Amino acid sequence: MNAHIVTLPGDYIGPEIIAQAVKVLDRVAAVYGHSFTFDERKLGGASIDAFGVPLTDETLAACNAADAVLMGSVGGPKWDGVEAARRPEKGLLALRKGMGVFANLRPCTIHPQLSSACPLRPDIIEQPIDIMILRELTGDIYFGKRSRSEDRKAATDEMAYSEMEVERLARIGFEMAKKRRGRLCSVDKANVLECSRLWRETVQRLAAEYPEVEVSYMYVDNAAMQLILRPSQFDVMITGNLFGDILSDESAAIAGSLGMMPSASLGSGTRGLYEPIHGSAPDIAGRDIANPLGTILSGALLLRHSLGLEAEAKAIESAVSDVLDAGFRTADIFAEGMTKVSCTKMGDLVAERIK
Ligand code: IPM
Ligand code: MG
């Protein structure tokens, strides 16, 4: 198959981790006889430095013409002084909105080789943990109106959702739950927020169409607690943009390292945006010590969801698992008795195990 992929390395460790994911995808193409072309563009701070804005119209158009987009990370102290409307993160938000990728899949599983990196008690993680956090990505307080009073001593951020936005996300959640273990937990704050009451009513209405899915409703504060107390109770979790941002970082801590976590963002077609869930890690940038596995695993999600290449996606996931089995670790997941490797070396090790 021929596929055209736009890469957006972004800032700080972004270029280092993207290079490893591209290396692995190149290897997949060679082994399986595909042709992947990569078109590298600037996003975030890198784009501010080059063009004065965090996302240009041209880059967005290139992303919307590609089969898939692979992003590294954006932001960092270099652009802290930049005014709010032009911050690096704005580029990422505008990209998500501009690509219409409203459904953000953030899987959380504990790689058995890394179970010692999980901060939870062994008896809590005895039951398998396999959670799919489905985060709404183009609505909520992230995209509402903002204001600041003239004296700058008061501020507002508007939270807004429409029934359509909730419904299209929830339907993906129900479909996923059907293919997984049949359980869907909808997370909201319906005891306080009107947006959450709309969210819950919408999910309740749809539930009637999916009798095979067992639905539960949880307030976000309780969900945050349940994730720590009994994470194995969750199968698919659907939630809004802000709650999903917070709960997915919490789930990353459960999995052992933010560096391991991939994500996929999808809209109504197959084109998607793939990114690790971690940030740009300015403190370790340029030292070749970042963990590229979250980005490499995002590459696997890209093959699965945008290109329909399931065997190739599994090949990457197995290669990652083999490398961990063999005891190789980047600094963030290093433990006594393991072999510490650089970001580049980790990329090489995964690539050479693609068969
Ligand atoms: C994430 C990040 C982003 C978000 C930031 C960088 C805007 O935290 O992808 O989770 O809040 O969505
Ligand atoms: Mg986040």
# chains A, B, ... in the order shown; residues from 1 in each chain; ligands from 1
call {"tool": "residues_around", "arguments": {"residues": "Glu126 in chain A", "least_positions_apart": "3", "cutoff": "10 Å", "atoms": "only C-alpha atoms", "output": "list in words"}}
result
Ser115, Arg121, Pro122, Asp123, Ile129 and Ser232 of chain A
call {"tool": "write_last_selection", "arguments": {"atoms": "all heavy atoms", "output": "PDB file, in the first residue's frame"}}
result
ATOM      1  N   SER A 115       5.485  -3.807  35.393  1.00  0.00           N
ATOM      2  CA  SER A 115       4.530  -3.725  36.509  1.00  0.00           C
ATOM      3  C   SER A 115       5.189  -3.153  37.761  1.00  0.00           C
ATOM      4  O   SER A 115       4.517  -2.546  38.593  1.00  0.00           O
ATOM      5  CB  SER A 115       3.878  -5.079  36.778  1.00  0.00           C
ATOM      6  OG  SER A 115       4.864  -6.016  37.046  1.00  0.00           O
ATOM      7  N   ARG A 121      -0.400  -0.731  44.701  1.00  0.00           N
ATOM      8  CA  ARG A 121      -0.077  -1.972  45.408  1.00  0.00           C
ATOM      9  C   ARG A 121      -0.267  -3.181  44.504  1.00  0.00           C
ATOM     10  O   ARG A 121      -1.219  -3.209  43.719  1.00  0.00           O
ATOM     11  CB  ARG A 121      -1.000  -2.140  46.624  1.00  0.00           C
ATOM     12  CG  ARG A 121      -0.580  -1.433  47.874  1.00  0.00           C
ATOM     13  CD  ARG A 121      -1.221  -2.100  49.106  1.00  0.00           C
ATOM     14  NE  ARG A 121      -2.572  -2.589  48.859  1.00  0.00           N
ATOM     15  CZ  ARG A 121      -3.703  -1.936  49.188  1.00  0.00           C
ATOM     16  NH1 ARG A 121      -3.643  -0.761  49.778  1.00  0.00           N
ATOM     17  NH2 ARG A 121      -4.884  -2.473  48.939  1.00  0.00           N
ATOM     18  N   PRO A 122       0.606  -4.189  44.615  1.00  0.00           N
ATOM     19  CA  PRO A 122       0.499  -5.380  43.755  1.00  0.00           C
ATOM     20  C   PRO A 122      -0.899  -6.012  43.763  1.00  0.00           C
ATOM     21  O   PRO A 122      -1.391  -6.451  42.731  1.00  0.00           O
ATOM     22  CB  PRO A 122       1.529  -6.342  44.340  1.00  0.00           C
ATOM     23  CG  PRO A 122       2.526  -5.465  45.028  1.00  0.00           C
ATOM     24  CD  PRO A 122       1.789  -4.242  45.487  1.00  0.00           C
ATOM     25  N   ASP A 123      -1.577  -6.041  44.915  1.00  0.00           N
ATOM     26  CA  ASP A 123      -2.895  -6.682  44.946  1.00  0.00           C
ATOM     27  C   ASP A 123      -3.929  -5.893  44.137  1.00  0.00           C
ATOM     28  O   ASP A 123      -4.918  -6.440  43.673  1.00  0.00           O
ATOM     29  CB  ASP A 123      -3.378  -6.896  46.396  1.00  0.00           C
ATOM     30  CG  ASP A 123      -3.522  -5.583  47.159  1.00  0.00           C
ATOM     31  OD1 ASP A 123      -2.498  -4.911  47.379  1.00  0.00           O
ATOM     32  OD2 ASP A 123      -4.658  -5.221  47.506  1.00  0.00           O
ATOM     33  N   ILE A 129      -5.434  -4.950  33.720  1.00  0.00           N
ATOM     34  CA  ILE A 129      -5.903  -3.588  33.492  1.00  0.00           C
ATOM     35  C   ILE A 129      -5.821  -3.289  32.007  1.00  0.00           C
ATOM     36  O   ILE A 129      -4.751  -3.362  31.406  1.00  0.00           O
ATOM     37  CB  ILE A 129      -5.070  -2.591  34.314  1.00  0.00           C
ATOM     38  CG1 ILE A 129      -5.344  -2.830  35.804  1.00  0.00           C
ATOM     39  CG2 ILE A 129      -5.411  -1.148  33.937  1.00  0.00           C
ATOM     40  CD1 ILE A 129      -4.400  -2.116  36.715  1.00  0.00           C
ATOM     41  N   SER A 232      -9.210  -2.191  37.404  1.00  0.00           N
ATOM     42  CA  SER A 232      -9.635  -3.288  36.526  1.00  0.00           C
ATOM     43  C   SER A 232     -11.141  -3.282  36.254  1.00  0.00           C
ATOM     44  O   SER A 232     -11.620  -3.992  35.379  1.00  0.00           O
ATOM     45  CB  SER A 232      -9.234  -4.633  37.137  1.00  0.00           C
ATOM     46  OG  SER A 232      -9.848  -4.756  38.393  1.00  0.00           O
TER      47      SER A 232
END
call {"tool": "residues_near_ligand", "arguments": {"ligand": "ligand 1", "cutoff": "7 Å", "atoms": "only C-alpha atoms and all ligand atoms", "output": "ChimeraX atom specification"}}
result
/A:74,89,92-93,245,277-279
call {"tool": "residues_around", "arguments": {"residues": "Glu58 in chain A", "least_positions_apart": "5", "cutoff": "12 Å", "atoms": "only C-alpha atoms", "output": "PyMOL selection string"}}
result
chain A and resi 41-43+47+51+53+63-65+95+98
call {"tool": "closest_residue", "arguments": {"among": "A:Val22, A:Leu293, A:Ile133, A:Leu301", "to": "Pro107 in chain A", "atoms": "only C-alpha atoms"}}
result
A:Ile133
call {"tool": "residues_around", "arguments": {"residues": "Ile238 in chain A", "least_positions_apart": "4", "cutoff": "12 Å", "atoms": "only C-alpha atoms", "output": "count of residues only"}}
result
47
call {"tool": "residues_around", "arguments": {"residues": "Arg87 in chain A", "least_positions_apart": "3", "cutoff": "12 Å", "atoms": "only C-alpha atoms", "output": "PDB file with all heavy atoms, in the first residue's frame"}}
result
ATOM      1  N   LEU A  43       5.224  22.616  13.769  1.00  0.00           N
ATOM      2  CA  LEU A  43       4.054  22.879  14.613  1.00  0.00           C
ATOM      3  C   LEU A  43       4.537  23.450  15.951  1.00  0.00           C
ATOM      4  O   LEU A  43       5.629  23.120  16.408  1.00  0.00           O
ATOM      5  CB  LEU A  43       3.274  21.580  14.870  1.00  0.00           C
ATOM      6  CG  LEU A  43       2.022  21.722  15.762  1.00  0.00           C
ATOM      7  CD1 LEU A  43       0.900  22.445  15.026  1.00  0.00           C
ATOM      8  CD2 LEU A  43       1.522  20.350  16.229  1.00  0.00           C
ATOM      9  N   GLY A  44       3.713  24.271  16.577  1.00  0.00           N
ATOM     10  CA  GLY A  44       4.021  24.771  17.912  1.00  0.00           C
ATOM     11  C   GLY A  44       5.111  25.821  17.900  1.00  0.00           C
ATOM     12  O   GLY A  44       5.145  26.701  17.036  1.00  0.00           O
ATOM     13  N   GLY A  45       6.024  25.712  18.868  1.00  0.00           N
ATOM     14  CA  GLY A  45       7.101  26.697  18.984  1.00  0.00           C
ATOM     15  C   GLY A  45       7.954  26.753  17.724  1.00  0.00           C
ATOM     16  O   GLY A  45       8.362  27.831  17.278  1.00  0.00           O
ATOM     17  N   ALA A  46       8.221  25.598  17.133  1.00  0.00           N
ATOM     18  CA  ALA A  46       9.042  25.550  15.919  1.00  0.00           C
ATOM     19  C   ALA A  46       8.395  26.370  14.805  1.00  0.00           C
ATOM     20  O   ALA A  46       9.076  27.057  14.033  1.00  0.00           O
ATOM     21  CB  ALA A  46       9.225  24.094  15.474  1.00  0.00           C
ATOM     22  N   SER A  47       7.071  26.323  14.747  1.00  0.00           N
ATOM     23  CA  SER A  47       6.343  27.074  13.721  1.00  0.00           C
ATOM     24  C   SER A  47       6.312  28.568  14.065  1.00  0.00           C
ATOM     25  O   SER A  47       6.415  29.420  13.177  1.00  0.00           O
ATOM     26  CB  SER A  47       4.919  26.507  13.584  1.00  0.00           C
ATOM     27  OG  SER A  47       4.164  27.275  12.675  1.00  0.00           O
ATOM     28  N   ILE A  48       6.207  28.887  15.369  1.00  0.00           N
ATOM     29  CA  ILE A  48       6.256  30.294  15.797  1.00  0.00           C
ATOM     30  C   ILE A  48       7.603  30.901  15.378  1.00  0.00           C
ATOM     31  O   ILE A  48       7.665  31.987  14.811  1.00  0.00           O
ATOM     32  CB  ILE A  48       6.079  30.414  17.334  1.00  0.00           C
ATOM     33  CG1 ILE A  48       4.670  29.988  17.739  1.00  0.00           C
ATOM     34  CG2 ILE A  48       6.365  31.844  17.810  1.00  0.00           C
ATOM     35  CD1 ILE A  48       4.437  29.941  19.244  1.00  0.00           C
ATOM     36  N   ASP A  49       8.681  30.161  15.630  1.00  0.00           N
ATOM     37  CA  ASP A  49      10.020  30.665  15.284  1.00  0.00           C
ATOM     38  C   ASP A  49      10.171  30.879  13.776  1.00  0.00           C
ATOM     39  O   ASP A  49      10.774  31.842  13.336  1.00  0.00           O
ATOM     40  CB  ASP A  49      11.097  29.684  15.765  1.00  0.00           C
ATOM     41  CG  ASP A  49      11.223  29.694  17.283  1.00  0.00           C
ATOM     42  OD1 ASP A  49      10.612  30.572  17.922  1.00  0.00           O
ATOM     43  OD2 ASP A  49      11.922  28.817  17.823  1.00  0.00           O
ATOM     44  N   GLY A  52       5.980  32.736  12.741  1.00  0.00           N
ATOM     45  CA  GLY A  52       5.282  33.678  13.607  1.00  0.00           C
ATOM     46  C   GLY A  52       3.953  33.185  14.155  1.00  0.00           C
ATOM     47  O   GLY A  52       3.339  33.850  14.981  1.00  0.00           O
ATOM     48  N   VAL A  53       3.501  32.020  13.706  1.00  0.00           N
ATOM     49  CA  VAL A  53       2.249  31.448  14.226  1.00  0.00           C
ATOM     50  C   VAL A  53       2.467  29.966  14.522  1.00  0.00           C
ATOM     51  O   VAL A  53       3.294  29.316  13.876  1.00  0.00           O
ATOM     52  CB  VAL A  53       1.079  31.583  13.207  1.00  0.00           C
ATOM     53  CG1 VAL A  53       0.623  33.034  13.083  1.00  0.00           C
ATOM     54  CG2 VAL A  53       1.452  31.016  11.849  1.00  0.00           C
ATOM     55  N   PRO A  54       1.695  29.395  15.514  1.00  0.00           N
ATOM     56  CA  PRO A  54       1.967  28.007  15.897  1.00  0.00           C
ATOM     57  C   PRO A  54       1.461  26.960  14.894  1.00  0.00           C
ATOM     58  O   PRO A  54       1.861  25.791  14.972  1.00  0.00           O
ATOM     59  CB  PRO A  54       1.256  27.866  17.245  1.00  0.00           C
ATOM     60  CG  PRO A  54       0.204  28.922  17.245  1.00  0.00           C
ATOM     61  CD  PRO A  54       0.731  30.056  16.432  1.00  0.00           C
ATOM     62  N   LEU A  55       0.575  27.373  13.982  1.00  0.00           N
ATOM     63  CA  LEU A  55       0.117  26.449  12.925  1.00  0.00           C
ATOM     64  C   LEU A  55      -0.223  27.305  11.709  1.00  0.00           C
ATOM     65  O   LEU A  55      -1.057  28.212  11.805  1.00  0.00           O
ATOM     66  CB  LEU A  55      -1.132  25.676  13.375  1.00  0.00           C
ATOM     67  CG  LEU A  55      -1.827  24.816  12.301  1.00  0.00           C
ATOM     68  CD1 LEU A  55      -0.965  23.615  11.905  1.00  0.00           C
ATOM     69  CD2 LEU A  55      -3.195  24.309  12.802  1.00  0.00           C
ATOM     70  N   VAL A  74       4.575  19.600  21.671  1.00  0.00           N
ATOM     71  CA  VAL A  74       4.710  21.051  21.481  1.00  0.00           C
ATOM     72  C   VAL A  74       4.820  21.797  22.802  1.00  0.00           C
ATOM     73  O   VAL A  74       4.372  21.327  23.841  1.00  0.00           O
ATOM     74  CB  VAL A  74       3.521  21.665  20.688  1.00  0.00           C
ATOM     75  CG1 VAL A  74       3.502  21.161  19.261  1.00  0.00           C
ATOM     76  CG2 VAL A  74       2.199  21.422  21.392  1.00  0.00           C
ATOM     77  N   GLY A  75       5.426  22.988  22.728  1.00  0.00           N
ATOM     78  CA  GLY A  75       5.458  23.885  23.877  1.00  0.00           C
ATOM     79  C   GLY A  75       6.757  23.803  24.655  1.00  0.00           C
ATOM     80  O   GLY A  75       7.619  22.970  24.375  1.00  0.00           O
ATOM     81  N   GLY A  76       6.878  24.712  25.631  1.00  0.00           N
ATOM     82  CA  GLY A  76       8.066  24.732  26.472  1.00  0.00           C
ATOM     83  C   GLY A  76       8.436  26.153  26.861  1.00  0.00           C
ATOM     84  O   GLY A  76       7.874  27.116  26.340  1.00  0.00           O
ATOM     85  N   PRO A  77       9.395  26.268  27.789  1.00  0.00           N
ATOM     86  CA  PRO A  77       9.733  27.573  28.378  1.00  0.00           C
ATOM     87  C   PRO A  77      10.160  28.629  27.366  1.00  0.00           C
ATOM     88  O   PRO A  77       9.947  29.819  27.596  1.00  0.00           O
ATOM     89  CB  PRO A  77      10.887  27.240  29.336  1.00  0.00           C
ATOM     90  CG  PRO A  77      11.335  25.869  28.998  1.00  0.00           C
ATOM     91  CD  PRO A  77      10.183  25.170  28.372  1.00  0.00           C
ATOM     92  N   LYS A  78      10.730  28.198  26.244  1.00  0.00           N
ATOM     93  CA  LYS A  78      11.197  29.168  25.254  1.00  0.00           C
ATOM     94  C   LYS A  78      10.075  30.102  24.798  1.00  0.00           C
ATOM     95  O   LYS A  78      10.320  31.241  24.440  1.00  0.00           O
ATOM     96  CB  LYS A  78      11.781  28.418  24.054  1.00  0.00           C
ATOM     97  CG  LYS A  78      12.354  29.351  23.007  1.00  0.00           C
ATOM     98  CD  LYS A  78      13.168  28.667  21.936  1.00  0.00           C
ATOM     99  CE  LYS A  78      13.647  29.712  20.936  1.00  0.00           C
ATOM    100  NZ  LYS A  78      13.817  29.158  19.596  1.00  0.00           N
ATOM    101  N   TRP A  79       8.827  29.595  24.807  1.00  0.00           N
ATOM    102  CA  TRP A  79       7.713  30.401  24.299  1.00  0.00           C
ATOM    103  C   TRP A  79       6.752  30.832  25.413  1.00  0.00           C
ATOM    104  O   TRP A  79       5.615  31.196  25.153  1.00  0.00           O
ATOM    105  CB  TRP A  79       6.969  29.622  23.202  1.00  0.00           C
ATOM    106  CG  TRP A  79       7.900  29.258  22.099  1.00  0.00           C
ATOM    107  CD1 TRP A  79       8.328  30.060  21.083  1.00  0.00           C
ATOM    108  CD2 TRP A  79       8.571  28.005  21.935  1.00  0.00           C
ATOM    109  NE1 TRP A  79       9.231  29.383  20.306  1.00  0.00           N
ATOM    110  CE2 TRP A  79       9.402  28.119  20.798  1.00  0.00           C
ATOM    111  CE3 TRP A  79       8.574  26.793  22.646  1.00  0.00           C
ATOM    112  CZ2 TRP A  79      10.211  27.071  20.345  1.00  0.00           C
ATOM    113  CZ3 TRP A  79       9.379  25.748  22.197  1.00  0.00           C
ATOM    114  CH2 TRP A  79      10.180  25.891  21.061  1.00  0.00           C
ATOM    115  N   ASP A  80       7.213  30.771  26.671  1.00  0.00           N
ATOM    116  CA  ASP A  80       6.359  31.145  27.804  1.00  0.00           C
ATOM    117  C   ASP A  80       5.878  32.592  27.727  1.00  0.00           C
ATOM    118  O   ASP A  80       4.782  32.907  28.161  1.00  0.00           O
ATOM    119  CB  ASP A  80       7.098  30.923  29.139  1.00  0.00           C
ATOM    120  CG  ASP A  80       6.917  29.498  29.633  1.00  0.00           C
ATOM    121  OD1 ASP A  80       6.118  28.768  28.999  1.00  0.00           O
ATOM    122  OD2 ASP A  80       7.566  29.109  30.615  1.00  0.00           O
ATOM    123  N   GLY A  81       6.695  33.457  27.154  1.00  0.00           N
ATOM    124  CA  GLY A  81       6.323  34.867  27.099  1.00  0.00           C
ATOM    125  C   GLY A  81       5.380  35.223  25.959  1.00  0.00           C
ATOM    126  O   GLY A  81       4.854  36.328  25.900  1.00  0.00           O
ATOM    127  N   VAL A  82       5.132  34.260  25.072  1.00  0.00           N
ATOM    128  CA  VAL A  82       4.288  34.524  23.902  1.00  0.00           C
ATOM    129  C   VAL A  82       2.843  34.738  24.347  1.00  0.00           C
ATOM    130  O   VAL A  82       2.363  34.061  25.262  1.00  0.00           O
ATOM    131  CB  VAL A  82       4.371  33.316  22.933  1.00  0.00           C
ATOM    132  CG1 VAL A  82       3.385  33.460  21.791  1.00  0.00           C
ATOM    133  CG2 VAL A  82       5.795  33.167  22.400  1.00  0.00           C
ATOM    134  N   GLU A  83       2.141  35.690  23.736  1.00  0.00           N
ATOM    135  CA  GLU A  83       0.752  35.966  24.153  1.00  0.00           C
ATOM    136  C   GLU A  83      -0.147  34.739  23.915  1.00  0.00           C
ATOM    137  O   GLU A  83       0.126  33.923  23.021  1.00  0.00           O
ATOM    138  CB  GLU A  83       0.202  37.206  23.433  1.00  0.00           C
ATOM    139  CG  GLU A  83      -0.485  36.940  22.117  1.00  0.00           C
ATOM    140  CD  GLU A  83       0.223  37.583  20.930  1.00  0.00           C
ATOM    141  OE1 GLU A  83       1.449  37.720  20.948  1.00  0.00           O
ATOM    142  OE2 GLU A  83      -0.483  37.915  19.973  1.00  0.00           O
ATOM    143  N   ALA A  84      -1.211  34.631  24.746  1.00  0.00           N
ATOM    144  CA  ALA A  84      -2.033  33.423  24.803  1.00  0.00           C
ATOM    145  C   ALA A  84      -2.506  32.938  23.437  1.00  0.00           C
ATOM    146  O   ALA A  84      -2.489  31.741  23.148  1.00  0.00           O
ATOM    147  CB  ALA A  84      -3.232  33.670  25.718  1.00  0.00           C
ATOM    148  N   LYS A  90      -1.724  26.319  21.269  1.00  0.00           N
ATOM    149  CA  LYS A  90      -2.804  26.788  20.397  1.00  0.00           C
ATOM    150  C   LYS A  90      -2.714  26.109  19.033  1.00  0.00           C
ATOM    151  O   LYS A  90      -3.725  25.830  18.385  1.00  0.00           O
ATOM    152  CB  LYS A  90      -2.689  28.314  20.214  1.00  0.00           C
ATOM    153  CG  LYS A  90      -3.599  29.091  21.115  1.00  0.00           C
ATOM    154  CD  LYS A  90      -5.012  29.005  20.579  1.00  0.00           C
ATOM    155  CE  LYS A  90      -5.882  29.933  21.372  1.00  0.00           C
ATOM    156  NZ  LYS A  90      -7.260  29.893  21.155  1.00  0.00           N
ATOM    157  N   GLY A  91      -1.485  25.880  18.575  1.00  0.00           N
ATOM    158  CA  GLY A  91      -1.264  25.229  17.287  1.00  0.00           C
ATOM    159  C   GLY A  91      -1.832  23.811  17.288  1.00  0.00           C
ATOM    160  O   GLY A  91      -2.492  23.380  16.347  1.00  0.00           O
ATOM    161  N   LEU A  92      -1.590  23.109  18.402  1.00  0.00           N
ATOM    162  CA  LEU A  92      -2.090  21.740  18.508  1.00  0.00           C
ATOM    163  C   LEU A  92      -3.617  21.730  18.579  1.00  0.00           C
ATOM    164  O   LEU A  92      -4.287  20.920  17.913  1.00  0.00           O
ATOM    165  CB  LEU A  92      -1.485  21.064  19.746  1.00  0.00           C
ATOM    166  CG  LEU A  92      -1.971  19.651  20.063  1.00  0.00           C
ATOM    167  CD1 LEU A  92      -1.741  18.714  18.881  1.00  0.00           C
ATOM    168  CD2 LEU A  92      -1.279  19.111  21.312  1.00  0.00           C
ATOM    169  N   LEU A  93      -4.180  22.636  19.367  1.00  0.00           N
ATOM    170  CA  LEU A  93      -5.645  22.694  19.486  1.00  0.00           C
ATOM    171  C   LEU A  93      -6.277  23.049  18.141  1.00  0.00           C
ATOM    172  O   LEU A  93      -7.290  22.462  17.737  1.00  0.00           O
ATOM    173  CB  LEU A  93      -6.060  23.700  20.569  1.00  0.00           C
ATOM    174  CG  LEU A  93      -5.575  23.383  21.993  1.00  0.00           C
ATOM    175  CD1 LEU A  93      -6.109  24.413  22.981  1.00  0.00           C
ATOM    176  CD2 LEU A  93      -5.990  21.988  22.430  1.00  0.00           C
ATOM    177  N   ALA A  94      -5.649  23.995  17.416  1.00  0.00           N
ATOM    178  CA  ALA A  94      -6.186  24.389  16.108  1.00  0.00           C
ATOM    179  C   ALA A  94      -6.054  23.237  15.107  1.00  0.00           C
ATOM    180  O   ALA A  94      -6.906  23.059  14.226  1.00  0.00           O
ATOM    181  CB  ALA A  94      -5.451  25.622  15.594  1.00  0.00           C
TER     182      ALA A  94
END
call {"tool": "residues_around", "arguments": {"residues": "Ile17 in chain A", "least_positions_apart": "5", "cutoff": "9 Å", "atoms": "only C-alpha atoms", "output": "PyMOL selection string"}}
result
chain A and resi 9+22+72+288+290-296+343-344+347
call {"tool": "select_by_dssp", "arguments": {"residues": "range 40-94 of chain A", "states": "helix (DSSP H, G or I)", "output": "PyMOL selection string"}}
result
chain A and resi 45-51+57-65+77-79+84-86+88-94
call {"tool": "atom_distance", "arguments": {"atom1": "CA of Lys189 in chain A", "atom2": "CA of Ser263 in chain A"}}
result
24.3 Å
call {"tool": "closest_residue", "arguments": {"among": "A:Ile125, A:Met261, A:Ala331, A:Ala160", "to": "Gly299 in chain A", "atoms": "only C-alpha atoms"}}
result
A:Met261
call {"tool": "residues_around", "arguments": {"residues": "range 27-32 of chain A", "least_positions_apart": "6", "cutoff": "7 Å", "atoms": "only C-alpha atoms", "output": "list of chain:residue names"}}
result
A:Glu312, A:Ala351, A:Ile354, A:Lys355
call {"tool": "atom_distance", "arguments": {"atom1": "CA of Glu310 in chain A", "atom2": "CA of Ile246 in chain A"}}
result
29.5 Å
call {"tool": "select_by_dssp", "arguments": {"residues": "range 245-340 of chain A", "states": "strand (DSSP E or B)", "output": "ChimeraX atom specification"}}
result
/A:264-266,272-274,328-329,339-340
call {"tool": "closest_residue", "arguments": {"among": "A:Glu165, A:Asp151, A:Glu275, A:Asp325", "to": "ligand 2", "atoms": "only C-alpha atoms and all ligand atoms"}}
result
A:Glu275
call {"tool": "atom_distance", "arguments": {"atom1": "CA of Asp39 in chain A", "atom2": "CA of Gly10 in chain A"}}
result
13.5 Å
call {"tool": "closest_residue", "arguments": {"among": "A:Met346, A:Leu258, A:Ser73, A:Ile110", "to": "Ile13 in chain A", "atoms": "only C-alpha atoms"}}
result
A:Ser73
call {"tool": "closest_residue", "arguments": {"among": "A:Pro282, A:Pro262, A:Gly308, A:Gly337", "to": "ligand 2", "atoms": "only C-alpha atoms and all ligand atoms"}}
result
A:Pro262
